[in-house]
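Reading through the structure tokens given below for one structure.
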Amino acid sequence: MPHIRINNLDHYYEQTGQGPALVLIHGAFADARIWDPQWEYFSTKYRVLRYDLRGHGRTGASNLAHYTMATYADDLCALLDALDFRSPILCGLSWGGSIVQAFAIRNPQRPKAIILASAAVSIDLTLLDKLLCYVLFPRWMMSLTIRTMSVEKFTRFSFRLARLTRGKHWLSRDENAQAYLEQCMLRMESSEYLKIWNAMYRFHSVPLNKITCSTLILNGEFEPKNTFRHTKEILRRVPQAISRVVPCASHAMNLDQPETFNKFVDAFLDGTG
């Protein structure tokens with residue numbers, strides 16, 4: 001399996017195809033396999049890269065005591081440099097979309113275009129966000145929960161928490177997709193859970209107006225209404241942003257409706273030249 005050492009950690013990655021550079025970045029607690037429905041499809045005309053984030057999948061744990069959004073943006077930057085991916089199109093799902101935002105703000109001249117799928121702009125943008133992260137499930141409570149639970153128990157807790165706060169079918173309406181994501185979580189180390197959750201709780205609004213490239217925002221039709229408030233914020237602050245809704249899809253829209261997801265991305269990229 002291909003690994004490359006960047007920022008003192010061996011990162012798992014895969015690349016295929018030829019053409020303009022397209023980088024696929026998965027969300028928190030998943031891994032690069034989430035992009036299977038896009039992998040062969042886009043390799044026919046793009047040089048496609050996917051990798052497992054720090055703390056996830058085949059990359060696994062690192063010796064850093066803490067993670068931040070900058071940690072992941074720096075990893076992405078180092079990976080692109082090491083593999084000579086120039087003017088990349090960056091496509092991030094969920095937490096991966098937040099990483100793309102951070103990268104594009106820190107390196108505004110590098111991306112040719114970005115795609116933000118179900119991506120938040122902050123842990124505490126809306127009133128509901130603030131209620132969840134500061135009152136009902138504050139960081140100290142989540143940290144204590146992770147420290148005291150086994151990985152299996154915390155995984156079950158996480159799924160129950162998501163259903164409670166975001167709806168029964170928030171993640172996906174496909175049982176295979178849900179089983180895959182649960183498997184990813186069961187493989188993680190509890191110490192990595194803690195570092196990832198802490199990074200997410202420290203993610204606050206960034207200067208989105210610094211993103212100057214063409215931007216596509218995608219959301220599943222069945223995402224919670226609160227998610228679309230984040231989309232409105234991106235549209236308000238990113239000059240070249242447009243949005244689309246993937247019908248009959250939840251958070252993992254690229255798994256729920258891969259043909260529609262791929263079609264929307266294709267149309268957007270054809271328009272960017």
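Order determines the names: the first chain of the structure tokens is A, the second B, and so forth; residues in each chain are numbered 1 upward, and ligands are numbered 1 upward as they are shown.
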DSSP on the backbone: what in region 35-108 of chain A comes out strand (DSSP E or B), as a VMD selection string?
chain A and resid 47 to 51 89 to 93
Please identify all polymer residues within 12 Å of Pro111 (chain A), counting only C-alpha atoms, omitting same-chain residues fewer than 4 positions from it, and present them as a CSV table (one decimal) with C-alpha atoms, in the first residue's frame.
```
chain,number,residue,atom,x,y,z
A,20,PRO,CA,-5.9,18.2,-14.3
A,21,ALA,CA,-5.4,17.5,-10.6
A,22,LEU,CA,-8.5,16.5,-8.6
A,23,VAL,CA,-8.0,15.8,-4.9
A,76,LEU,CA,-2.7,18.7,2.6
A,77,CYS,CA,-0.2,21.3,1.5
A,80,LEU,CA,0.4,18.3,-2.8
A,85,PHE,CA,0.0,18.4,-7.7
A,86,ARG,CA,-0.2,21.9,-9.2
A,87,SER,CA,-3.3,24.0,-9.4
A,88,PRO,CA,-5.5,21.3,-7.9
A,89,ILE,CA,-9.2,21.1,-7.8
A,90,LEU,CA,-10.0,20.3,-4.2
A,91,CYS,CA,-13.2,18.4,-3.3
A,100,VAL,CA,-10.5,22.7,1.9
A,101,GLN,CA,-11.7,26.1,3.2
A,102,ALA,CA,-8.8,26.4,5.5
A,103,PHE,CA,-6.3,25.4,2.8
A,104,ALA,CA,-7.8,27.8,0.2
A,105,ILE,CA,-7.7,30.7,2.7
A,106,ARG,CA,-4.0,30.0,3.6
A,107,ASN,CA,-3.0,29.4,0.0
A,115,ILE,CA,-16.0,21.8,-4.1
A,211,ILE,CA,-11.3,32.3,-1.3
A,212,THR,CA,-11.0,33.7,-4.8
A,213,CYS,CA,-11.4,30.6,-6.9
A,214,SER,CA,-14.6,29.1,-8.4
A,215,THR,CA,-16.5,27.3,-5.6
A,272,THR,CA,-14.3,26.4,-14.9
```
Close residues, region 218-232 of chain A itself excluded, 10 Å, only C-alpha atoms, min 4 positions apart in chain, as number ranges by chain:
A: 93-94, 115-122, 125-129, 165-167, 169-173, 236-237, 241-254, 256-257, 261, 264-265
Among region 124-272 of chain A, which ones does DSSP assign to helix (DSSP H, G or I) (computed from the backbone)? Answer as a PDB file with N, CA and C atoms, in the first residue's frame.
```pdb
ATOM      1  N   LEU A 127     -27.509  29.636  16.064  1.00  0.00           N
ATOM      2  CA  LEU A 127     -27.978  29.470  17.438  1.00  0.00           C
ATOM      3  C   LEU A 127     -28.034  28.000  17.824  1.00  0.00           C
ATOM      4  N   LEU A 128     -28.496  27.144  16.902  1.00  0.00           N
ATOM      5  CA  LEU A 128     -28.535  25.706  17.184  1.00  0.00           C
ATOM      6  C   LEU A 128     -27.129  25.158  17.388  1.00  0.00           C
ATOM      7  N   ASP A 129     -26.181  25.593  16.555  1.00  0.00           N
ATOM      8  CA  ASP A 129     -24.788  25.167  16.736  1.00  0.00           C
ATOM      9  C   ASP A 129     -24.288  25.515  18.137  1.00  0.00           C
ATOM     10  N   LYS A 130     -24.553  26.734  18.555  1.00  0.00           N
ATOM     11  CA  LYS A 130     -24.104  27.188  19.873  1.00  0.00           C
ATOM     12  C   LYS A 130     -24.760  26.375  20.985  1.00  0.00           C
ATOM     13  N   LEU A 131     -26.049  26.073  20.841  1.00  0.00           N
ATOM     14  CA  LEU A 131     -26.754  25.280  21.836  1.00  0.00           C
ATOM     15  C   LEU A 131     -26.138  23.888  21.970  1.00  0.00           C
ATOM     16  N   LEU A 132     -25.813  23.283  20.831  1.00  0.00           N
ATOM     17  CA  LEU A 132     -25.264  21.936  20.847  1.00  0.00           C
ATOM     18  C   LEU A 132     -23.852  21.889  21.429  1.00  0.00           C
ATOM     19  N   CYS A 133     -22.985  22.815  20.986  1.00  0.00           N
ATOM     20  CA  CYS A 133     -21.569  22.684  21.361  1.00  0.00           C
ATOM     21  C   CYS A 133     -21.205  23.379  22.663  1.00  0.00           C
ATOM     22  N   TYR A 134     -22.063  24.272  23.159  1.00  0.00           N
ATOM     23  CA  TYR A 134     -21.735  24.970  24.408  1.00  0.00           C
ATOM     24  C   TYR A 134     -22.659  24.610  25.572  1.00  0.00           C
ATOM     25  N   VAL A 135     -23.852  24.098  25.281  1.00  0.00           N
ATOM     26  CA  VAL A 135     -24.816  23.820  26.346  1.00  0.00           C
ATOM     27  C   VAL A 135     -25.100  22.325  26.475  1.00  0.00           C
ATOM     28  N   LEU A 136     -25.611  21.705  25.409  1.00  0.00           N
ATOM     29  CA  LEU A 136     -26.022  20.300  25.495  1.00  0.00           C
ATOM     30  C   LEU A 136     -24.836  19.339  25.457  1.00  0.00           C
ATOM     31  N   ARG A 139     -17.478  20.762  25.034  1.00  0.00           N
ATOM     32  CA  ARG A 139     -16.245  20.028  24.749  1.00  0.00           C
ATOM     33  C   ARG A 139     -15.779  19.197  25.932  1.00  0.00           C
ATOM     34  N   TRP A 140     -15.909  19.722  27.155  1.00  0.00           N
ATOM     35  CA  TRP A 140     -15.439  18.962  28.309  1.00  0.00           C
ATOM     36  C   TRP A 140     -16.237  17.661  28.454  1.00  0.00           C
ATOM     37  N   MET A 141     -17.541  17.715  28.127  1.00  0.00           N
ATOM     38  CA  MET A 141     -18.373  16.521  28.235  1.00  0.00           C
ATOM     39  C   MET A 141     -17.976  15.480  27.190  1.00  0.00           C
ATOM     40  N   MET A 142     -17.752  15.941  25.957  1.00  0.00           N
ATOM     41  CA  MET A 142     -17.351  15.011  24.914  1.00  0.00           C
ATOM     42  C   MET A 142     -15.984  14.414  25.209  1.00  0.00           C
ATOM     43  N   SER A 143     -15.069  15.224  25.723  1.00  0.00           N
ATOM     44  CA  SER A 143     -13.737  14.713  26.067  1.00  0.00           C
ATOM     45  C   SER A 143     -13.827  13.649  27.153  1.00  0.00           C
ATOM     46  N   LEU A 144     -14.632  13.901  28.167  1.00  0.00           N
ATOM     47  CA  LEU A 144     -14.805  12.932  29.249  1.00  0.00           C
ATOM     48  C   LEU A 144     -15.434  11.649  28.726  1.00  0.00           C
ATOM     49  N   THR A 145     -16.414  11.782  27.851  1.00  0.00           N
ATOM     50  CA  THR A 145     -17.083  10.611  27.276  1.00  0.00           C
ATOM     51  C   THR A 145     -16.101   9.747  26.502  1.00  0.00           C
ATOM     52  N   ILE A 146     -15.276  10.383  25.679  1.00  0.00           N
ATOM     53  CA  ILE A 146     -14.300   9.641  24.885  1.00  0.00           C
ATOM     54  C   ILE A 146     -13.275   8.952  25.782  1.00  0.00           C
ATOM     55  N   ARG A 147     -12.840   9.640  26.825  1.00  0.00           N
ATOM     56  CA  ARG A 147     -11.829   9.071  27.728  1.00  0.00           C
ATOM     57  C   ARG A 147     -12.347   7.867  28.501  1.00  0.00           C
ATOM     58  N   THR A 148     -13.627   7.857  28.805  1.00  0.00           N
ATOM     59  CA  THR A 148     -14.169   6.812  29.683  1.00  0.00           C
ATOM     60  C   THR A 148     -14.805   5.643  28.933  1.00  0.00           C
ATOM     61  N   VAL A 151     -13.910   2.135  22.411  1.00  0.00           N
ATOM     62  CA  VAL A 151     -14.159   2.580  21.040  1.00  0.00           C
ATOM     63  C   VAL A 151     -15.531   2.105  20.572  1.00  0.00           C
ATOM     64  N   GLU A 152     -15.867   0.869  20.877  1.00  0.00           N
ATOM     65  CA  GLU A 152     -17.157   0.330  20.445  1.00  0.00           C
ATOM     66  C   GLU A 152     -18.316   1.102  21.071  1.00  0.00           C
ATOM     67  N   LYS A 153     -18.235   1.367  22.357  1.00  0.00           N
ATOM     68  CA  LYS A 153     -19.312   2.096  23.035  1.00  0.00           C
ATOM     69  C   LYS A 153     -19.398   3.532  22.531  1.00  0.00           C
ATOM     70  N   PHE A 154     -18.242   4.152  22.291  1.00  0.00           N
ATOM     71  CA  PHE A 154     -18.276   5.534  21.814  1.00  0.00           C
ATOM     72  C   PHE A 154     -18.838   5.610  20.401  1.00  0.00           C
ATOM     73  N   THR A 155     -18.544   4.611  19.571  1.00  0.00           N
ATOM     74  CA  THR A 155     -19.107   4.580  18.222  1.00  0.00           C
ATOM     75  C   THR A 155     -20.625   4.517  18.273  1.00  0.00           C
ATOM     76  N   ARG A 156     -21.157   3.631  19.101  1.00  0.00           N
ATOM     77  CA  ARG A 156     -22.611   3.536  19.244  1.00  0.00           C
ATOM     78  C   ARG A 156     -23.187   4.841  19.780  1.00  0.00           C
ATOM     79  N   PHE A 157     -22.484   5.451  20.744  1.00  0.00           N
ATOM     80  CA  PHE A 157     -22.921   6.728  21.306  1.00  0.00           C
ATOM     81  C   PHE A 157     -22.951   7.804  20.227  1.00  0.00           C
ATOM     82  N   SER A 158     -21.930   7.844  19.367  1.00  0.00           N
ATOM     83  CA  SER A 158     -21.841   8.851  18.321  1.00  0.00           C
ATOM     84  C   SER A 158     -23.006   8.738  17.338  1.00  0.00           C
ATOM     85  N   PHE A 159     -23.343   7.512  16.960  1.00  0.00           N
ATOM     86  CA  PHE A 159     -24.453   7.317  16.034  1.00  0.00           C
ATOM     87  C   PHE A 159     -25.778   7.724  16.677  1.00  0.00           C
ATOM     88  N   ARG A 160     -25.958   7.401  17.952  1.00  0.00           N
ATOM     89  CA  ARG A 160     -27.185   7.813  18.640  1.00  0.00           C
ATOM     90  C   ARG A 160     -27.252   9.334  18.749  1.00  0.00           C
ATOM     91  N   LEU A 161     -26.109   9.950  19.044  1.00  0.00           N
ATOM     92  CA  LEU A 161     -26.063  11.399  19.170  1.00  0.00           C
ATOM     93  C   LEU A 161     -26.404  12.073  17.844  1.00  0.00           C
ATOM     94  N   ALA A 162     -25.863  11.548  16.742  1.00  0.00           N
ATOM     95  CA  ALA A 162     -26.149  12.127  15.424  1.00  0.00           C
ATOM     96  C   ALA A 162     -27.627  11.999  15.076  1.00  0.00           C
ATOM     97  N   ARG A 163     -28.207  10.850  15.379  1.00  0.00           N
ATOM     98  CA  ARG A 163     -29.640  10.665  15.088  1.00  0.00           C
ATOM     99  C   ARG A 163     -30.478  11.607  15.930  1.00  0.00           C
ATOM    100  N   LEU A 164     -30.067  11.828  17.172  1.00  0.00           N
ATOM    101  CA  LEU A 164     -30.821  12.703  18.070  1.00  0.00           C
ATOM    102  C   LEU A 164     -30.757  14.157  17.617  1.00  0.00           C
ATOM    103  N   THR A 165     -29.577  14.612  17.234  1.00  0.00           N
ATOM    104  CA  THR A 165     -29.391  16.034  16.932  1.00  0.00           C
ATOM    105  C   THR A 165     -29.636  16.382  15.467  1.00  0.00           C
ATOM    106  N   ARG A 166     -29.517  15.401  14.574  1.00  0.00           N
ATOM    107  CA  ARG A 166     -29.604  15.712  13.143  1.00  0.00           C
ATOM    108  C   ARG A 166     -30.660  14.909  12.392  1.00  0.00           C
ATOM    109  N   GLU A 175     -28.071   1.468   4.014  1.00  0.00           N
ATOM    110  CA  GLU A 175     -27.549   0.659   5.120  1.00  0.00           C
ATOM    111  C   GLU A 175     -26.086   0.295   4.911  1.00  0.00           C
ATOM    112  N   ASN A 176     -25.690   0.047   3.679  1.00  0.00           N
ATOM    113  CA  ASN A 176     -24.290  -0.299   3.412  1.00  0.00           C
ATOM    114  C   ASN A 176     -23.368   0.878   3.714  1.00  0.00           C
ATOM    115  N   ALA A 177     -23.812   2.069   3.374  1.00  0.00           N
ATOM    116  CA  ALA A 177     -23.016   3.258   3.660  1.00  0.00           C
ATOM    117  C   ALA A 177     -22.880   3.464   5.165  1.00  0.00           C
ATOM    118  N   GLN A 178     -23.958   3.293   5.896  1.00  0.00           N
ATOM    119  CA  GLN A 178     -23.903   3.434   7.341  1.00  0.00           C
ATOM    120  C   GLN A 178     -22.988   2.389   7.966  1.00  0.00           C
ATOM    121  N   ALA A 179     -23.055   1.158   7.453  1.00  0.00           N
ATOM    122  CA  ALA A 179     -22.199   0.090   7.984  1.00  0.00           C
ATOM    123  C   ALA A 179     -20.726   0.379   7.716  1.00  0.00           C
ATOM    124  N   TYR A 180     -20.427   0.901   6.526  1.00  0.00           N
ATOM    125  CA  TYR A 180     -19.038   1.259   6.202  1.00  0.00           C
ATOM    126  C   TYR A 180     -18.524   2.332   7.150  1.00  0.00           C
ATOM    127  N   LEU A 181     -19.309   3.389   7.383  1.00  0.00           N
ATOM    128  CA  LEU A 181     -18.866   4.473   8.249  1.00  0.00           C
ATOM    129  C   LEU A 181     -18.719   4.004   9.697  1.00  0.00           C
ATOM    130  N   GLU A 182     -19.587   3.120  10.124  1.00  0.00           N
ATOM    131  CA  GLU A 182     -19.451   2.563  11.473  1.00  0.00           C
ATOM    132  C   GLU A 182     -18.171   1.739  11.589  1.00  0.00           C
ATOM    133  N   GLN A 183     -17.849   0.975  10.542  1.00  0.00           N
ATOM    134  CA  GLN A 183     -16.618   0.184  10.535  1.00  0.00           C
ATOM    135  C   GLN A 183     -15.392   1.079  10.649  1.00  0.00           C
ATOM    136  N   CYS A 184     -15.408   2.203   9.943  1.00  0.00           N
ATOM    137  CA  CYS A 184     -14.290   3.153  10.019  1.00  0.00           C
ATOM    138  C   CYS A 184     -14.085   3.626  11.454  1.00  0.00           C
ATOM    139  N   MET A 185     -15.169   3.962  12.125  1.00  0.00           N
ATOM    140  CA  MET A 185     -15.075   4.468  13.487  1.00  0.00           C
ATOM    141  C   MET A 185     -14.562   3.402  14.443  1.00  0.00           C
ATOM    142  N   LEU A 186     -14.979   2.159  14.242  1.00  0.00           N
ATOM    143  CA  LEU A 186     -14.552   1.079  15.129  1.00  0.00           C
ATOM    144  C   LEU A 186     -13.059   0.795  15.015  1.00  0.00           C
ATOM    145  N   SER A 190      -9.008   5.439  20.497  1.00  0.00           N
ATOM    146  CA  SER A 190      -9.756   6.415  21.299  1.00  0.00           C
ATOM    147  C   SER A 190      -8.982   7.726  21.455  1.00  0.00           C
ATOM    148  N   SER A 191      -7.641   7.635  21.521  1.00  0.00           N
ATOM    149  CA  SER A 191      -6.838   8.853  21.647  1.00  0.00           C
ATOM    150  C   SER A 191      -6.987   9.740  20.410  1.00  0.00           C
ATOM    151  N   GLU A 192      -7.174   9.114  19.237  1.00  0.00           N
ATOM    152  CA  GLU A 192      -7.367   9.887  18.011  1.00  0.00           C
ATOM    153  C   GLU A 192      -8.753  10.516  17.978  1.00  0.00           C
ATOM    154  N   TYR A 193      -9.749   9.789  18.473  1.00  0.00           N
ATOM    155  CA  TYR A 193     -11.082  10.386  18.614  1.00  0.00           C
ATOM    156  C   TYR A 193     -10.986  11.706  19.373  1.00  0.00           C
ATOM    157  N   LEU A 194     -10.271  11.659  20.478  1.00  0.00           N
ATOM    158  CA  LEU A 194     -10.175  12.829  21.351  1.00  0.00           C
ATOM    159  C   LEU A 194      -9.537  14.004  20.611  1.00  0.00           C
ATOM    160  N   LYS A 195      -8.456  13.746  19.896  1.00  0.00           N
ATOM    161  CA  LYS A 195      -7.768  14.826  19.189  1.00  0.00           C
ATOM    162  C   LYS A 195      -8.609  15.386  18.048  1.00  0.00           C
ATOM    163  N   ILE A 196      -9.349  14.518  17.367  1.00  0.00           N
ATOM    164  CA  ILE A 196     -10.179  14.970  16.247  1.00  0.00           C
ATOM    165  C   ILE A 196     -11.368  15.784  16.756  1.00  0.00           C
ATOM    166  N   TRP A 197     -12.037  15.289  17.791  1.00  0.00           N
ATOM    167  CA  TRP A 197     -13.157  16.029  18.354  1.00  0.00           C
ATOM    168  C   TRP A 197     -12.702  17.400  18.873  1.00  0.00           C
ATOM    169  N   ASN A 198     -11.568  17.448  19.532  1.00  0.00           N
ATOM    170  CA  ASN A 198     -11.068  18.726  20.035  1.00  0.00           C
ATOM    171  C   ASN A 198     -10.771  19.697  18.880  1.00  0.00           C
ATOM    172  N   ALA A 199     -10.241  19.171  17.786  1.00  0.00           N
ATOM    173  CA  ALA A 199      -9.988  20.021  16.623  1.00  0.00           C
ATOM    174  C   ALA A 199     -11.300  20.573  16.067  1.00  0.00           C
ATOM    175  N   MET A 200     -12.324  19.749  16.040  1.00  0.00           N
ATOM    176  CA  MET A 200     -13.617  20.187  15.522  1.00  0.00           C
ATOM    177  C   MET A 200     -14.231  21.258  16.427  1.00  0.00           C
ATOM    178  N   TYR A 201     -14.100  21.097  17.735  1.00  0.00           N
ATOM    179  CA  TYR A 201     -14.659  22.079  18.663  1.00  0.00           C
ATOM    180  C   TYR A 201     -13.913  23.410  18.597  1.00  0.00           C
ATOM    181  N   LEU A 208     -13.614  33.784   4.846  1.00  0.00           N
ATOM    182  CA  LEU A 208     -13.999  33.139   3.600  1.00  0.00           C
ATOM    183  C   LEU A 208     -13.835  34.049   2.384  1.00  0.00           C
ATOM    184  N   ASN A 209     -13.873  35.353   2.591  1.00  0.00           N
ATOM    185  CA  ASN A 209     -13.722  36.283   1.470  1.00  0.00           C
ATOM    186  C   ASN A 209     -12.356  36.159   0.790  1.00  0.00           C
ATOM    187  N   LYS A 210     -11.403  35.486   1.444  1.00  0.00           N
ATOM    188  CA  LYS A 210     -10.088  35.281   0.846  1.00  0.00           C
ATOM    189  C   LYS A 210     -10.091  34.160  -0.191  1.00  0.00           C
ATOM    190  N   LYS A 225     -31.950  21.441   8.264  1.00  0.00           N
ATOM    191  CA  LYS A 225     -32.071  22.822   7.804  1.00  0.00           C
ATOM    192  C   LYS A 225     -30.896  23.673   8.250  1.00  0.00           C
ATOM    193  N   ASN A 226     -30.342  23.362   9.406  1.00  0.00           N
ATOM    194  CA  ASN A 226     -29.219  24.138   9.919  1.00  0.00           C
ATOM    195  C   ASN A 226     -28.016  24.114   8.973  1.00  0.00           C
ATOM    196  N   THR A 227     -27.837  22.996   8.259  1.00  0.00           N
ATOM    197  CA  THR A 227     -26.724  22.876   7.318  1.00  0.00           C
ATOM    198  C   THR A 227     -26.807  23.928   6.225  1.00  0.00           C
ATOM    199  N   PHE A 228     -28.016  24.229   5.767  1.00  0.00           N
ATOM    200  CA  PHE A 228     -28.181  25.184   4.679  1.00  0.00           C
ATOM    201  C   PHE A 228     -27.881  26.617   5.130  1.00  0.00           C
ATOM    202  N   ARG A 229     -27.923  26.844   6.436  1.00  0.00           N
ATOM    203  CA  ARG A 229     -27.497  28.154   6.947  1.00  0.00           C
ATOM    204  C   ARG A 229     -26.003  28.351   6.724  1.00  0.00           C
ATOM    205  N   HIS A 230     -25.224  27.279   6.844  1.00  0.00           N
ATOM    206  CA  HIS A 230     -23.786  27.358   6.562  1.00  0.00           C
ATOM    207  C   HIS A 230     -23.550  27.635   5.076  1.00  0.00           C
ATOM    208  N   THR A 231     -24.361  27.001   4.232  1.00  0.00           N
ATOM    209  CA  THR A 231     -24.251  27.247   2.796  1.00  0.00           C
ATOM    210  C   THR A 231     -24.514  28.710   2.470  1.00  0.00           C
ATOM    211  N   LYS A 232     -25.531  29.290   3.080  1.00  0.00           N
ATOM    212  CA  LYS A 232     -25.840  30.708   2.850  1.00  0.00           C
ATOM    213  C   LYS A 232     -24.667  31.598   3.256  1.00  0.00           C
ATOM    214  N   GLU A 233     -23.975  31.220   4.318  1.00  0.00           N
ATOM    215  CA  GLU A 233     -22.826  32.013   4.762  1.00  0.00           C
ATOM    216  C   GLU A 233     -21.693  31.955   3.745  1.00  0.00           C
ATOM    217  N   ILE A 234     -21.466  30.778   3.171  1.00  0.00           N
ATOM    218  CA  ILE A 234     -20.429  30.658   2.144  1.00  0.00           C
ATOM    219  C   ILE A 234     -20.815  31.477   0.913  1.00  0.00           C
ATOM    220  N   LEU A 235     -22.075  31.359   0.490  1.00  0.00           N
ATOM    221  CA  LEU A 235     -22.535  32.112  -0.676  1.00  0.00           C
ATOM    222  C   LEU A 235     -22.415  33.616  -0.454  1.00  0.00           C
ATOM    223  N   ARG A 236     -22.651  34.039   0.775  1.00  0.00           N
ATOM    224  CA  ARG A 236     -22.584  35.471   1.088  1.00  0.00           C
ATOM    225  C   ARG A 236     -21.160  35.990   1.055  1.00  0.00           C
ATOM    226  N   ARG A 237     -20.196  35.157   1.422  1.00  0.00           N
ATOM    227  CA  ARG A 237     -18.845  35.652   1.641  1.00  0.00           C
ATOM    228  C   ARG A 237     -17.824  35.225   0.581  1.00  0.00           C
ATOM    229  N   MET A 253     -23.769  12.255   0.546  1.00  0.00           N
ATOM    230  CA  MET A 253     -24.490  12.357  -0.723  1.00  0.00           C
ATOM    231  C   MET A 253     -23.778  11.645  -1.860  1.00  0.00           C
ATOM    232  N   ASN A 254     -22.444  11.601  -1.800  1.00  0.00           N
ATOM    233  CA  ASN A 254     -21.695  10.952  -2.875  1.00  0.00           C
ATOM    234  C   ASN A 254     -21.868   9.439  -2.862  1.00  0.00           C
ATOM    235  N   LEU A 255     -22.312   8.889  -1.737  1.00  0.00           N
ATOM    236  CA  LEU A 255     -22.642   7.472  -1.644  1.00  0.00           C
ATOM    237  C   LEU A 255     -24.125   7.237  -1.921  1.00  0.00           C
ATOM    238  N   ASP A 256     -24.964   8.141  -1.434  1.00  0.00           N
ATOM    239  CA  ASP A 256     -26.411   7.985  -1.613  1.00  0.00           C
ATOM    240  C   ASP A 256     -26.822   8.115  -3.076  1.00  0.00           C
ATOM    241  N   PRO A 258     -24.547   8.736  -6.160  1.00  0.00           N
ATOM    242  CA  PRO A 258     -23.260   9.004  -6.816  1.00  0.00           C
ATOM    243  C   PRO A 258     -23.390   9.549  -8.240  1.00  0.00           C
ATOM    244  N   GLU A 259     -24.361   9.070  -8.997  1.00  0.00           N
ATOM    245  CA  GLU A 259     -24.493   9.539 -10.376  1.00  0.00           C
ATOM    246  C   GLU A 259     -24.821  11.031 -10.418  1.00  0.00           C
ATOM    247  N   THR A 260     -25.745  11.462  -9.561  1.00  0.00           N
ATOM    248  CA  THR A 260     -26.105  12.876  -9.528  1.00  0.00           C
ATOM    249  C   THR A 260     -24.951  13.719  -9.003  1.00  0.00           C
ATOM    250  N   PHE A 261     -24.301  13.231  -7.944  1.00  0.00           N
ATOM    251  CA  PHE A 261     -23.140  13.942  -7.390  1.00  0.00           C
ATOM    252  C   PHE A 261     -22.081  14.130  -8.481  1.00  0.00           C
ATOM    253  N   ASN A 262     -21.748  13.056  -9.167  1.00  0.00           N
ATOM    254  CA  ASN A 262     -20.717  13.134 -10.206  1.00  0.00           C
ATOM    255  C   ASN A 262     -21.135  14.081 -11.331  1.00  0.00           C
ATOM    256  N   LYS A 263     -22.416  14.052 -11.691  1.00  0.00           N
ATOM    257  CA  LYS A 263     -22.907  14.918 -12.758  1.00  0.00           C
ATOM    258  C   LYS A 263     -22.772  16.394 -12.375  1.00  0.00           C
ATOM    259  N   PHE A 264     -23.126  16.733 -11.122  1.00  0.00           N
ATOM    260  CA  PHE A 264     -23.013  18.121 -10.665  1.00  0.00           C
ATOM    261  C   PHE A 264     -21.555  18.585 -10.660  1.00  0.00           C
ATOM    262  N   VAL A 265     -20.664  17.726 -10.190  1.00  0.00           N
ATOM    263  CA  VAL A 265     -19.246  18.077 -10.156  1.00  0.00           C
ATOM    264  C   VAL A 265     -18.712  18.231 -11.583  1.00  0.00           C
ATOM    265  N   ASP A 266     -19.085  17.304 -12.464  1.00  0.00           N
ATOM    266  CA  ASP A 266     -18.666  17.371 -13.855  1.00  0.00           C
ATOM    267  C   ASP A 266     -19.082  18.682 -14.505  1.00  0.00           C
ATOM    268  N   ALA A 267     -20.341  19.048 -14.328  1.00  0.00           N
ATOM    269  CA  ALA A 267     -20.853  20.267 -14.948  1.00  0.00           C
ATOM    270  C   ALA A 267     -20.138  21.495 -14.432  1.00  0.00           C
ATOM    271  N   PHE A 268     -19.875  21.512 -13.136  1.00  0.00           N
ATOM    272  CA  PHE A 268     -19.163  22.640 -12.532  1.00  0.00           C
ATOM    273  C   PHE A 268     -17.745  22.735 -13.083  1.00  0.00           C
ATOM    274  N   LEU A 269     -17.044  21.622 -13.134  1.00  0.00           N
ATOM    275  CA  LEU A 269     -15.657  21.661 -13.590  1.00  0.00           C
ATOM    276  C   LEU A 269     -15.568  21.973 -15.087  1.00  0.00           C
ATOM    277  N   ASP A 270     -16.533  21.520 -15.869  1.00  0.00           N
ATOM    278  CA  ASP A 270     -16.550  21.890 -17.282  1.00  0.00           C
ATOM    279  C   ASP A 270     -16.675  23.395 -17.448  1.00  0.00           C
ATOM    280  N   GLY A 271     -17.392  24.017 -16.515  1.00  0.00           N
ATOM    281  CA  GLY A 271     -17.577  25.461 -16.589  1.00  0.00           C
ATOM    282  C   GLY A 271     -16.386  26.272 -16.126  1.00  0.00           C
ATOM    283  N   THR A 272     -15.466  25.635 -15.373  1.00  0.00           N
ATOM    284  CA  THR A 272     -14.290  26.364 -14.886  1.00  0.00           C
ATOM    285  C   THR A 272     -13.170  26.376 -15.914  1.00  0.00           C
TER     286      THR A 272
END
```
